[in-house]
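Shown next, in structure tokens, is the structure this report addresses.
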Amino acid sequence: MSNKNYETIIGLEIHIQLKTKTGLFSSVSNDSWQAKPNSLTNPVELGLPGALPAPNKTAIEWTQRLGRSLNCRLNTKSKFDRKNYFYPDLPRGYQLSQYDEPFCEDGFLDIKDPSNHTQTKRIHITRIHLEEDSGKSMHKDGKTYLDFNKAGTPLVELVTEPDFRSPDEASVFSKMIQEAVRILDISDADMEKGQMRLEANVSVRKLGETELPNYRVELKNINSFKFMRDAINYEVERQIKALESGEELFQETRGWMEKEQKTVLQRSKEEAHDYRYFPEPDIPPFDFDDDYFARVLKDLPVMPWKKEEDLLNRGVREDYAHLIAYDSAKYATFENLLEKSELAFEELVKVVVNTKDQDSAEAEIERINSKQSSTVGDDALKQAVEKSINDNPNAVDDFKNGKETAIKFLIGQVMRETKGQADAQQAEEMLVNKLS
Amino acid sequence: MDSYLTIKDILAGYKEGRFSSTELFRYYKDRIARLNPTLNAIITNVDHQHGDFLASQNPLPVIHKDVYSTEDVETTAASNILRGYIPPFDATAVTKLAEANFITLGKANCDAFAHGTTGENSDFGPTKNPYGLEYTPGGSSSGSAVAVAAGLSPLATATDTGGSIRFPASLTNTVGIKPTYGRVSRYGIIAMTSSTDSIGHITRTVWDNAYVLNKTAGYDPHDATSAKVQVDDYLEDIEQGVKGLRLGVPKEYLENIAPEIEKAYREKVDTLRNLGAEIVEDISLPHTEYGINVYYIVTPSEVSSNLARFDGIRFGQERSHFGAEAKRRIMIGTYCLSSGYYDAYYLKAQKVRTLVIQDFAKAFEKVDALIAPVSAVMQPKLGELVNDPIKNYMLDVLTIPVNLAGVPSLAVPAGFSNGLPIGLQIIGDYFDEKLLYRIGYALEQETRYFEQTPKL
């Protein structure tokens, strides 16, 4: 931030398309990416007269599984509401969404403070609700073309409290959400395909103030984590400059223009909609009981940050813990091999980190096991260590000058010399002994 | 061929070989061609290939209210904005009737989008009452009631959102069922008020009416508000009579009604008493008078949203083709739902609606069914109320509470005054249609008004 007298306030709205087989309210295929325009529609999704929405149970269950994974309260009473507004690609003239009784409320996620890794910070999640995606408008040669394939795709909307104080925090949180939906296997959350969309509400206040500013600017058209940081940074500068020159700021919506590297006004406060929400009469309200939740929340996968915490508690070093926890394949390999393999814990962690899948990890373990019974002879190792030292005076100097990573390079040379047969730990010990 | 065959007659006629399906359908086609120019009950004729009738075993004729989506057949809801719209799918009720051998003869006129009580809001011109061409047949299912009353079809489908089946049935000496909300799927039927739209039909006799509900009732996965309650066989006990049944006279329904209607009503109550029913006087439904206030907030609110899809982009015509009543409801509804007004109007109306529901619940603790007039006034003349929307709205005052509560009601003929039909309604508890048919059948067999037909 350019001006140390101001503090940035950010809240996020994250939209995530669910990858259910069919739409939120109809039986048409939901896989609209690159499908021929309007090839995946039916009377419901086109909003033809008389067509009625029949809610997709899976989409609701997935939303609730996400909510539970993010520490939300799952409402027993919930409903869909109509959000009334006109847009050419909104086929019914209203969007089916949720207003005052979303499926999930009052959650939180603890993020690692990007500026200080040992601190965690709690981000409060206001609500998670389910709504339908709209169609797509394409403007070409002065004409507008409408593609309704995407209409009716289940869209989860997650809203946070304005708890972020930097774009980095917002970015860390968003990535965690992306991980969460991938692990729950409810969305691929590919931002390029629009499966995950970010909106940031940004305002600034003088340092020391505790009240929220009386305005906020909603930033749209953010297609990557990088764009989000760029857009927020730009916006913060713009707002501070405006306030410094005595300008008053209002609630408005601005879009990020990647090419120009700036935000532009899309909708001012005067143009704000009155959405005339009311309960959707075509879908009876829900009343979920304990049996329902027990069934829906069965076998919830462990979230990566929980795994990471667990690995750290078990003594895994920080970077390895992160790597394994946030890669579900690696984590599965780790869990599987932990039961099977007799390798030492640290050894196993290292193997999992350095191999690409379970097969190669198992091969590696086998190799280590056979090597342990027929490790390179002490003489061969000694020779390789000496060769490594003699051939690489620069690395040796580096190490002596306190650059600890240089030892890794020297170990690598030993391993190469012994065609990978040497025990890396043993090699490291010998090298350190020789050099100190 | 008898001009006023019932479904039961036709089934018997086929069985006895009195006519072929081709003869039967030619007969109806000819009759429609001859009478419809006067009555204006049907706005779209469906042309059939000869084979359509032969392919089906014992085909039966049906005319669908024009708010029913019919695949490949223009469906306009009698509104100019939908002229030229040809749905790519059938409403569930249409499909179910087709599966039960009903073949569509045409689409029935109605108030545009079913907004109205006299049929005069149709963009295709008003439908005439066959019992007096200068009178309204009632609406919004004006064409459906007249098609059946004039013998253009033994069956016409219809919708009842605030009385749109019972009111025209009672003005045309026909039988109309407004089933329990959710009993018949709404899928494919152009919505007016989603929370009160009930899908029913009009026939000449109670037996026919029950026969048809047996075909249309049931859960539909495409309609989330359709009920998973098991469907009764509505013909099973139809002849069982009313002996021992407790039937209530709702006192609020008799305030301010026309004397000829009160007379016909009282006579029919006596008939039911003589047939062995126990009549319980002075059943009170104290919130009846608020029904109309609630209805004219909830209805336009939902209408304003339901009509938003008619944006002229994907089907139909531009929005300038909306009629005056649709525009009126869009404006009132938009206002009621606006921020700052929602609590005072929509939310308050829903609370009062709960009181109306409780009225019925309490009544059905005391009696098996309620017997009530359908209309407080005799048939208005066409043109009489066109410029008085409030008076027009008041025509539904005795039918609306049933819709707000979602309970079923069967309208049956109750006599004539100066040649004009009078009807009454039998109101039951949720999913009690079987009982309503039993009562209606007993009354019908005793009074036999269905034998009287209009002079055309």
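Convention: chains lettered A, B, ... in structure tokens order; per-chain residue numbering from 1; ligands numbered from 1 as shown.
Counting only C-alpha atoms, every residue of chain A that comes within 8 Å of chain B is listed here: Pro43, Gly47, Leu48, Pro49, Gly50, Ala51, Leu52, Pro53, Ala54, Pro55, Asn84, Phe86, Pro88, Pro91, Arg92, Gly93, Tyr94, Asp274, Tyr275, Arg276, Tyr277, Phe278, Pro281, Asp282, Ile283 and Pro284 of chain A.
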Please provide the set of residues having any atom within 12 Å of Val396 of chain A, restricted to only C-alpha atoms, with same-chain residues fewer than 3 positions apart removed, written as a VMD selection string.
chain A and resid 385 to 393 399 to 411 431 to 432 434 to 436
Extract the full set of strand (DSSP E or B) residues from segment 175-290 of chain B according to DSSP on the backbone, and format it as a PyMOL selection string.
chain B and resi 175-178+184+189+198-203+217+246-250+278-283
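In this structure, atom CA of Pro59 of chain B sits 6.5 Å away from atom CA of Ser21 of chain B.
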For Arg26 of chain B, list every protein, DNA or RNA residue within 12 Å, evaluated using only C-alpha atoms, and leave out those in the same chain fewer than 2 positions away; present the list as a count of residues only.
22
Please report, as number ranges by chain, each residue of segment 149-313 of chain B to which DSSP assigns helix (DSSP H, G or I) when run on this structure's backbone.
B: 149, 166-171, 206-216, 251-254, 259-274, 288-309
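Atom CA of Glu247 of chain A sits 18.4 Å away from atom CA of Ile9 of chain A.
Neighbouring residues of Val202 of chain A at 9 Å or closer, counting only C-alpha atoms and skipping chain neighbours under 2 positions away, are Thr8, Ile9, Ile10, Gly11, Leu12, Pro162, Ala200, Val204, Tyr215, Arg216, Val217, Glu218, Leu219, Ile232, Glu235 and Val236 of chain A.
Residues with any atom within 10 Å of Trp33 of chain A, counting only C-alpha atoms and excluding same-chain neighbours fewer than 5 positions away, are Asn149, Lys150, Lys193, Gly194 and Gln195 of chain A.
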For Ala210 of chain B: contacts at 10 Å, only C-alpha atoms, fewer than 4 positions along chain excluded, given as JSON, numbers by chain
{"B": [177, 201, 203, 205, 206, 214, 215, 233, 234, 235, 236, 238, 433, 434, 436, 437, 438, 441]}
